[in-house]
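Here's coords-v4.txt, which has compact mmCIF, N, CA and C atoms and all ligand atoms:
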```txt
# COMPACT_ATOMS: atom_id res chain seq x y z
N MET A 1 173.77 113.14 220.59
CA MET A 1 173.33 112.14 221.55
C MET A 1 173.32 112.76 222.95
N ASN A 2 172.23 112.50 223.65
CA ASN A 2 172.11 112.86 225.06
C ASN A 2 172.33 111.61 225.88
N TYR A 3 173.09 111.71 226.94
CA TYR A 3 173.16 110.56 227.84
C TYR A 3 173.43 111.00 229.26
N ARG A 4 173.14 110.12 230.16
CA ARG A 4 173.36 110.38 231.58
C ARG A 4 173.49 109.04 232.30
N ALA A 5 174.13 109.09 233.45
CA ALA A 5 174.19 107.89 234.28
C ALA A 5 172.86 107.75 235.02
N VAL A 6 172.42 106.52 235.20
CA VAL A 6 171.19 106.30 235.97
C VAL A 6 171.50 105.36 237.13
N GLU A 7 170.82 105.64 238.21
CA GLU A 7 170.90 104.73 239.36
C GLU A 7 169.62 103.94 239.41
N THR A 8 169.77 102.65 239.66
CA THR A 8 168.57 101.84 239.74
C THR A 8 168.14 101.73 241.19
N THR A 9 166.86 101.57 241.37
CA THR A 9 166.35 101.40 242.73
C THR A 9 165.88 99.96 242.90
N GLU A 10 164.64 99.71 242.56
CA GLU A 10 164.08 98.37 242.77
C GLU A 10 163.97 97.61 241.45
N GLU A 11 163.85 96.31 241.60
CA GLU A 11 163.54 95.44 240.46
C GLU A 11 162.26 94.69 240.81
N TYR A 12 161.43 94.46 239.80
CA TYR A 12 160.15 93.79 240.05
C TYR A 12 159.92 92.71 239.00
N VAL A 13 159.20 91.71 239.40
CA VAL A 13 158.63 90.77 238.43
C VAL A 13 157.13 90.81 238.62
N ALA A 14 156.41 90.65 237.53
CA ALA A 14 154.95 90.74 237.59
C ALA A 14 154.33 89.76 236.61
N SER A 15 153.18 89.29 236.97
CA SER A 15 152.39 88.43 236.10
C SER A 15 151.18 89.25 235.66
N LEU A 16 151.00 89.39 234.36
CA LEU A 16 149.94 90.27 233.85
C LEU A 16 148.58 89.59 233.93
N GLU A 17 147.56 90.41 234.09
CA GLU A 17 146.19 89.94 234.27
C GLU A 17 145.59 89.45 232.94
N HIS A 18 145.07 88.24 232.95
CA HIS A 18 144.41 87.69 231.77
C HIS A 18 143.26 88.62 231.35
N GLY A 19 143.20 88.98 230.08
CA GLY A 19 142.10 89.79 229.57
C GLY A 19 142.34 91.29 229.65
N ALA A 20 143.39 91.70 230.37
CA ALA A 20 143.69 93.13 230.46
C ALA A 20 144.53 93.57 229.26
N ASP A 21 144.74 94.86 229.13
CA ASP A 21 145.58 95.36 228.05
C ASP A 21 147.05 95.26 228.45
N TRP A 22 147.86 94.73 227.54
CA TRP A 22 149.28 94.46 227.82
C TRP A 22 150.03 95.71 228.28
N ARG A 23 149.90 96.78 227.52
CA ARG A 23 150.67 97.99 227.83
C ARG A 23 150.11 98.67 229.08
N ALA A 24 148.78 98.68 229.23
CA ALA A 24 148.16 99.30 230.41
C ALA A 24 148.59 98.57 231.68
N GLU A 25 148.76 97.25 231.60
CA GLU A 25 149.22 96.48 232.76
C GLU A 25 150.63 96.91 233.17
N ILE A 26 151.48 97.14 232.20
CA ILE A 26 152.85 97.57 232.51
C ILE A 26 152.82 98.98 233.12
N GLU A 27 151.97 99.84 232.57
CA GLU A 27 151.83 101.19 233.14
C GLU A 27 151.25 101.12 234.55
N SER A 28 150.35 100.20 234.78
CA SER A 28 149.76 100.02 236.10
C SER A 28 150.81 99.55 237.11
N LEU A 29 151.71 98.66 236.68
CA LEU A 29 152.82 98.25 237.54
C LEU A 29 153.69 99.46 237.89
N ALA A 30 154.03 100.26 236.88
CA ALA A 30 154.85 101.46 237.12
C ALA A 30 154.13 102.41 238.09
N ASP A 31 152.83 102.58 237.91
CA ASP A 31 152.05 103.43 238.84
C ASP A 31 152.10 102.86 240.25
N ASP A 32 151.88 101.56 240.38
CA ASP A 32 151.84 100.92 241.70
C ASP A 32 153.15 101.11 242.47
N VAL A 33 154.27 101.01 241.75
CA VAL A 33 155.57 101.07 242.43
C VAL A 33 156.18 102.48 242.32
N GLU A 34 155.39 103.42 241.79
CA GLU A 34 155.83 104.81 241.60
C GLU A 34 157.14 104.86 240.81
N GLY A 35 157.19 104.06 239.77
CA GLY A 35 158.35 104.03 238.89
C GLY A 35 158.22 105.12 237.83
N ASP A 36 158.97 106.21 238.00
CA ASP A 36 158.89 107.33 237.06
C ASP A 36 159.79 107.13 235.86
N ALA A 37 160.67 106.17 235.96
CA ALA A 37 161.52 105.78 234.84
C ALA A 37 161.91 104.33 235.07
N ALA A 38 161.85 103.56 234.02
CA ALA A 38 162.16 102.13 234.18
C ALA A 38 162.47 101.52 232.82
N TRP A 39 163.08 100.36 232.87
CA TRP A 39 163.32 99.57 231.66
C TRP A 39 162.72 98.20 231.92
N PHE A 40 162.11 97.61 230.91
CA PHE A 40 161.50 96.30 231.15
C PHE A 40 161.67 95.36 229.97
N THR A 41 161.57 94.09 230.30
CA THR A 41 161.44 93.05 229.28
C THR A 41 160.24 92.20 229.68
N ALA A 42 159.66 91.53 228.70
CA ALA A 42 158.48 90.73 228.99
C ALA A 42 158.31 89.65 227.93
N LEU A 43 157.50 88.66 228.26
CA LEU A 43 157.16 87.61 227.31
C LEU A 43 155.82 87.01 227.70
N GLY A 44 155.24 86.26 226.80
CA GLY A 44 153.95 85.65 227.10
C GLY A 44 153.15 85.43 225.84
N ALA A 45 151.84 85.68 225.93
CA ALA A 45 150.96 85.48 224.79
C ALA A 45 149.81 86.48 224.86
N VAL A 46 149.32 86.86 223.69
CA VAL A 46 148.19 87.79 223.63
C VAL A 46 147.09 87.22 222.74
N GLN A 47 145.87 87.74 222.92
CA GLN A 47 144.72 87.25 222.15
C GLN A 47 144.49 88.05 220.88
N ASP A 48 145.05 89.23 220.84
CA ASP A 48 144.99 90.11 219.67
C ASP A 48 146.08 91.16 219.88
N ALA A 49 146.29 91.97 218.87
CA ALA A 49 147.33 93.00 219.04
C ALA A 49 147.17 94.10 218.02
N GLU A 50 147.60 95.28 218.42
CA GLU A 50 147.72 96.39 217.48
C GLU A 50 149.14 96.93 217.57
N LEU A 51 149.90 96.68 216.49
CA LEU A 51 151.25 97.24 216.39
C LEU A 51 151.15 98.54 215.60
N TRP A 52 152.08 99.42 215.84
CA TRP A 52 152.15 100.65 215.05
C TRP A 52 153.48 100.69 214.32
N PHE A 53 153.40 101.12 213.06
CA PHE A 53 154.62 101.36 212.27
C PHE A 53 154.74 102.86 212.04
N TYR A 54 155.92 103.41 212.32
CA TYR A 54 156.11 104.85 212.15
C TYR A 54 156.68 105.14 210.76
N ASP A 55 155.88 105.81 209.94
CA ASP A 55 156.30 106.19 208.59
C ASP A 55 157.16 107.45 208.70
N GLN A 56 158.45 107.33 208.39
CA GLN A 56 159.38 108.44 208.59
C GLN A 56 159.22 109.55 207.55
N ASP A 57 158.56 109.25 206.39
CA ASP A 57 158.29 110.31 205.41
C ASP A 57 157.08 111.13 205.83
N GLU A 58 156.04 110.41 206.28
CA GLU A 58 154.80 111.09 206.67
C GLU A 58 154.84 111.57 208.13
N CYS A 59 155.79 111.04 208.91
CA CYS A 59 155.85 111.31 210.36
C CYS A 59 154.52 110.98 211.02
N GLU A 60 154.05 109.78 210.68
CA GLU A 60 152.79 109.32 211.26
C GLU A 60 152.87 107.83 211.54
N TYR A 61 152.14 107.42 212.58
CA TYR A 61 152.03 106.00 212.89
C TYR A 61 150.90 105.37 212.08
N TYR A 62 151.14 104.16 211.57
CA TYR A 62 150.08 103.40 210.92
C TYR A 62 149.84 102.12 211.71
N PRO A 63 148.59 101.81 212.03
CA PRO A 63 148.32 100.59 212.80
C PRO A 63 148.38 99.33 211.93
N ILE A 64 148.82 98.25 212.55
CA ILE A 64 148.79 96.92 211.94
C ILE A 64 148.04 96.06 212.96
N GLU A 65 146.85 95.58 212.56
CA GLU A 65 146.00 94.91 213.55
C GLU A 65 145.96 93.40 213.35
N PHE A 66 145.93 92.69 214.46
CA PHE A 66 145.86 91.22 214.46
C PHE A 66 144.72 90.81 215.36
N ASP A 67 143.83 89.98 214.84
CA ASP A 67 142.71 89.49 215.65
C ASP A 67 142.85 87.98 215.80
N GLU A 68 143.96 87.56 216.35
CA GLU A 68 144.26 86.14 216.50
C GLU A 68 145.24 85.97 217.66
N PRO A 69 145.29 84.77 218.25
CA PRO A 69 146.26 84.53 219.32
C PRO A 69 147.69 84.58 218.79
N LEU A 70 148.56 85.25 219.53
CA LEU A 70 149.96 85.37 219.14
C LEU A 70 150.84 85.19 220.37
N GLU A 71 152.01 84.62 220.15
CA GLU A 71 153.01 84.56 221.22
C GLU A 71 153.71 85.91 221.29
N VAL A 72 154.03 86.33 222.49
CA VAL A 72 154.92 87.48 222.64
C VAL A 72 156.31 86.88 222.80
N ALA A 73 156.98 86.70 221.68
CA ALA A 73 158.29 86.05 221.70
C ALA A 73 159.31 86.91 222.41
N SER A 74 159.13 88.22 222.31
CA SER A 74 160.02 89.14 223.00
C SER A 74 159.35 90.50 223.08
N CYS A 75 159.55 91.16 224.20
CA CYS A 75 158.97 92.48 224.39
C CYS A 75 159.98 93.29 225.20
N VAL A 76 160.23 94.49 224.76
CA VAL A 76 161.17 95.35 225.47
C VAL A 76 160.63 96.78 225.46
N GLY A 77 160.94 97.51 226.52
CA GLY A 77 160.47 98.89 226.53
C GLY A 77 160.94 99.64 227.74
N ASN A 78 160.42 100.85 227.85
CA ASN A 78 160.79 101.69 228.99
C ASN A 78 159.60 102.52 229.43
N VAL A 79 159.71 103.03 230.64
CA VAL A 79 158.66 103.85 231.22
C VAL A 79 159.21 105.25 231.42
N SER A 80 158.43 106.24 231.01
CA SER A 80 158.81 107.63 231.28
C SER A 80 157.53 108.46 231.34
N TRP A 81 157.69 109.74 231.67
CA TRP A 81 156.52 110.62 231.77
C TRP A 81 156.21 111.22 230.42
N LEU A 82 154.93 111.16 230.06
CA LEU A 82 154.45 111.78 228.83
C LEU A 82 153.07 112.35 229.14
N ASP A 83 152.90 113.64 228.91
CA ASP A 83 151.60 114.30 229.15
C ASP A 83 151.07 113.98 230.56
N ASP A 84 151.92 114.13 231.55
CA ASP A 84 151.52 113.96 232.96
C ASP A 84 151.07 112.55 233.33
N GLU A 85 151.50 111.58 232.53
CA GLU A 85 151.18 110.18 232.86
C GLU A 85 152.42 109.32 232.63
N ARG A 86 152.46 108.20 233.33
CA ARG A 86 153.53 107.24 233.04
C ARG A 86 153.17 106.50 231.75
N PHE A 87 154.11 106.50 230.82
CA PHE A 87 153.90 105.90 229.51
C PHE A 87 154.90 104.77 229.32
N ALA A 88 154.39 103.59 228.96
CA ALA A 88 155.26 102.44 228.71
C ALA A 88 155.51 102.35 227.20
N HIS A 89 156.64 102.83 226.75
CA HIS A 89 157.02 102.70 225.34
C HIS A 89 157.41 101.24 225.13
N THR A 90 156.61 100.55 224.32
CA THR A 90 156.65 99.10 224.27
C THR A 90 156.87 98.60 222.84
N HIS A 91 157.90 97.83 222.63
CA HIS A 91 158.10 97.17 221.34
C HIS A 91 158.01 95.67 221.55
N ALA A 92 157.53 94.97 220.51
CA ALA A 92 157.33 93.53 220.68
C ALA A 92 157.56 92.78 219.37
N VAL A 93 158.01 91.55 219.54
CA VAL A 93 158.07 90.59 218.43
C VAL A 93 157.01 89.54 218.75
N LEU A 94 156.01 89.43 217.87
CA LEU A 94 154.90 88.50 218.07
C LEU A 94 155.02 87.38 217.05
N SER A 95 154.58 86.18 217.42
CA SER A 95 154.66 85.08 216.46
C SER A 95 153.35 84.31 216.40
N ASP A 96 153.06 83.77 215.20
CA ASP A 96 151.80 83.05 215.01
C ASP A 96 152.01 81.54 215.06
N ASP A 97 150.98 80.76 214.67
CA ASP A 97 151.03 79.31 214.83
C ASP A 97 151.99 78.63 213.85
N GLU A 98 152.59 79.40 212.96
CA GLU A 98 153.62 78.83 212.09
C GLU A 98 155.00 79.37 212.44
N GLY A 99 155.04 80.18 213.49
CA GLY A 99 156.32 80.76 213.89
C GLY A 99 156.68 82.02 213.12
N THR A 100 155.76 82.46 212.29
CA THR A 100 155.99 83.70 211.55
C THR A 100 155.93 84.87 212.53
N THR A 101 156.84 85.81 212.39
CA THR A 101 156.88 86.91 213.35
C THR A 101 156.42 88.23 212.73
N TYR A 102 155.85 89.03 213.60
CA TYR A 102 155.43 90.40 213.28
C TYR A 102 155.99 91.25 214.41
N SER A 103 156.45 92.40 214.08
CA SER A 103 157.05 93.18 215.16
C SER A 103 156.86 94.66 214.96
N GLY A 104 157.03 95.39 216.03
CA GLY A 104 156.92 96.83 215.96
C GLY A 104 156.58 97.42 217.31
N HIS A 105 156.10 98.66 217.24
CA HIS A 105 155.69 99.42 218.41
C HIS A 105 154.33 98.88 218.84
N LEU A 106 154.26 98.34 220.05
CA LEU A 106 153.01 97.71 220.50
C LEU A 106 152.13 98.76 221.19
N ASN A 107 151.01 99.06 220.54
CA ASN A 107 150.08 100.02 221.16
C ASN A 107 149.13 99.34 222.12
N ALA A 108 148.56 98.23 221.67
CA ALA A 108 147.56 97.55 222.49
C ALA A 108 147.56 96.07 222.17
N ALA A 109 147.20 95.27 223.17
CA ALA A 109 147.06 93.83 222.99
C ALA A 109 146.33 93.29 224.21
N THR A 110 145.52 92.28 224.00
CA THR A 110 144.80 91.67 225.12
C THR A 110 145.62 90.51 225.67
N VAL A 111 145.93 90.60 226.95
CA VAL A 111 146.79 89.60 227.58
C VAL A 111 146.10 88.23 227.64
N TRP A 112 146.82 87.20 227.20
CA TRP A 112 146.45 85.83 227.52
C TRP A 112 147.20 85.44 228.79
N ALA A 113 148.52 85.64 228.75
CA ALA A 113 149.37 85.48 229.93
C ALA A 113 150.64 86.28 229.67
N GLY A 114 151.17 86.87 230.69
CA GLY A 114 152.38 87.67 230.48
C GLY A 114 153.23 87.76 231.72
N GLU A 115 154.54 87.77 231.50
CA GLU A 115 155.51 87.87 232.60
C GLU A 115 156.45 89.03 232.29
N VAL A 116 156.61 89.89 233.30
CA VAL A 116 157.39 91.11 233.11
C VAL A 116 158.50 91.19 234.15
N TYR A 117 159.65 91.65 233.71
CA TYR A 117 160.73 92.03 234.62
C TYR A 117 160.96 93.53 234.41
N MET A 118 160.91 94.29 235.50
CA MET A 118 161.07 95.75 235.40
C MET A 118 162.15 96.23 236.36
N ARG A 119 163.02 97.07 235.84
CA ARG A 119 164.07 97.68 236.66
C ARG A 119 163.79 99.17 236.71
N VAL A 120 163.62 99.71 237.91
CA VAL A 120 163.22 101.11 238.09
C VAL A 120 164.46 101.97 238.34
N PHE A 121 164.47 103.15 237.74
CA PHE A 121 165.56 104.12 237.93
C PHE A 121 165.20 105.14 238.99
N ALA A 122 166.23 105.68 239.64
CA ALA A 122 166.00 106.67 240.71
C ALA A 122 165.51 108.01 240.15
N GLU A 123 166.03 108.40 238.99
CA GLU A 123 165.66 109.70 238.40
C GLU A 123 164.54 109.53 237.39
N PRO A 124 163.59 110.44 237.38
CA PRO A 124 162.52 110.34 236.38
C PRO A 124 163.04 110.65 234.97
N LEU A 125 162.35 110.12 233.98
CA LEU A 125 162.60 110.45 232.58
C LEU A 125 161.35 111.12 232.04
N GLU A 126 161.53 112.17 231.25
CA GLU A 126 160.37 112.84 230.66
C GLU A 126 160.51 112.89 229.16
N ARG A 127 159.36 112.82 228.49
CA ARG A 127 159.34 112.92 227.03
C ARG A 127 158.84 114.30 226.62
N GLU A 128 159.40 114.80 225.53
CA GLU A 128 158.95 116.07 225.00
C GLU A 128 158.98 116.01 223.47
N TYR A 129 158.09 116.75 222.85
CA TYR A 129 157.97 116.76 221.39
C TYR A 129 159.28 117.18 220.73
N ASP A 130 159.72 116.38 219.75
CA ASP A 130 160.93 116.66 219.00
C ASP A 130 160.54 117.05 217.58
N GLU A 131 160.96 118.24 217.14
CA GLU A 131 160.50 118.75 215.83
C GLU A 131 161.07 117.97 214.66
N THR A 132 162.27 117.44 214.77
CA THR A 132 162.88 116.72 213.66
C THR A 132 162.14 115.43 213.33
N THR A 133 161.86 114.65 214.37
CA THR A 133 161.23 113.35 214.15
C THR A 133 159.71 113.40 214.32
N GLU A 134 159.23 114.47 214.91
CA GLU A 134 157.81 114.62 215.27
C GLU A 134 157.38 113.51 216.25
N LEU A 135 158.34 113.07 217.05
CA LEU A 135 158.06 112.08 218.09
C LEU A 135 158.29 112.72 219.46
N ASP A 136 157.72 112.11 220.49
CA ASP A 136 157.96 112.54 221.86
C ASP A 136 159.17 111.78 222.38
N LEU A 137 160.29 112.47 222.46
CA LEU A 137 161.55 111.84 222.85
C LEU A 137 161.96 112.30 224.23
N TRP A 138 162.94 111.60 224.80
CA TRP A 138 163.45 112.00 226.12
C TRP A 138 164.09 113.37 226.03
N LEU A 139 163.97 114.13 227.09
CA LEU A 139 164.62 115.45 227.17
C LEU A 139 166.12 115.28 227.24
ZN ZN A 201 158.08 102.85 219.52
```
Reformat the file's structure so that it appears as C-alpha cells.
Ligand code: ZN
Amino acid sequence: MNYRAVETTEEYVASLEHGADWRAEIESLADDVEGDAAWFTALGAVQDAELWFYDQDECEYYPIEFDEPLEVASCVGNVSWLDDERFAHTHAVLSDDEGTTYSGHLNAATVWAGEVYMRVFAEPLEREYDETTELDLWL
C-alpha cells in the first residue's frame, strides 16, 4: 500500500449542465479551478449511461449501456492526471423506475441534472500504468 498525507485547498459545489456529459462536466470543473487532485461526490439524474465493468481475468473493460433515464443515486470519484489531462475516475450507482440499481465505473452519461461537491488537494496526483492489474493507478 502506498499512502501519503494530503492537504486540502478549496471546496466547490457545482450544478452540471443539462445535456452535457457527466464525467466531462466534472473534468471541466477540475480544469476551471485548476484542481490537479480532488475527491468528489455527486447525485442527480442522467438520460443514458455507459458503465464499464473490469474483467480481472481478461484485464479489459466491458461496456454496459443504458438508453433510458436513470437516477444517479450515488456517485463518487477522484481527479488525477492521466496522459497529460485531468481525469475524473468516476463510479456510480444508477437506479431505474422500479428502484433497481446498476453500478460500476461510469465512462459516460448524458446529464439530466447533477449536483457535485468537490474537495481539491494541494498536491497533484498522477496515474501510471500498473503491470499487475493493467490499470492506470496512482504513483
Ligand atoms: Zn473505475
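The residue that comes closest to ligand ZN 201 (chain A), out of A:Glu115, A:Glu128, A:His89, A:Thr101 and on the basis of only N, CA and C atoms and all ligand atoms, is A:His89.
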_So that I can check the surroundings of region 2-11 of chain A, please list as a PyMOL selection string every protein, DNA and RNA residue that reaches within 7 Å of it, counting all atoms listed in the file and ignoring chain neighbours fewer than 4 positions away._
chain A and resi 117-123+139
*Using CA of Trp112 (chain A) and atom C of Ala49 (chain A) as the two end points, give the distance in Å to one decimal.*
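That distance, rounded to one decimal, is 12.6 Å.
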*asked:* Please compute the CA of Asp67 (chain A)-atom N of Glu27 (chain A) distance, one decimal, in Å.
replied: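 Pair CA of Asp67 (chain A) / atom N of Glu27 (chain A) returns 21.9 Å.
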*Surroundings of ligand ZN 201 (chain A) up to 6 Å, based on only N, CA and C atoms and all ligand atoms, as a list in words*: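 So the residues close to ligand ZN 201 (chain A) are His89, Thr90, His91, His105 and Leu106 of chain A.
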*In terms of the shortest atom-to-atom distance over all atoms listed in the file, which of A:Ala38, A:Cys59, A:Leu94, A:Ala30 is closest to Ala73 (chain A)?*
A:Leu94
*Which is closer to Asp48 (chain A) than all the others in A:Gly104, A:Val111, A:Glu25, A:Asp84, using only C-alpha atoms?*
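Closest to Asp48 (chain A) of all the choices is A:Val111.
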*Nearest to Leu82 (chain A) among A:Glu17, A:Asp36, A:Asp96, A:Glu131, with distances taken over only C-alpha atoms: which residue is it?*
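Smallest distance to Leu82 (chain A) is found for A:Asp36.
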*Apply DSSP to the backbone of this structure and, from region 24-130 of chain A, keep only the residues in strand (DSSP E or B); write these as a ChimeraX atom specification.*
/A:38-55,60-66,70-82,85-95,101-121,126-130
_Rounded to one decimal, what separation in Å do you get between CA of Asp21 (chain A) and CA of Tyr129 (chain A)?_
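Distance between the two atoms: 25.6 Å.
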*Selected residue, from A:Leu43, A:Pro124, A:Ala37, A:Val116, that lies nearest to Val13 (chain A) when counting only N, CA and C atoms*: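 Selected residue with least distance to Val13 (chain A): A:Val116.
The shortest atom-to-atom distance to Val76 (chain A), with only N, CA and C atoms taken into account, belongs to A:Trp39 out of A:Trp138, A:Tyr54, A:Trp39, A:Tyr12.
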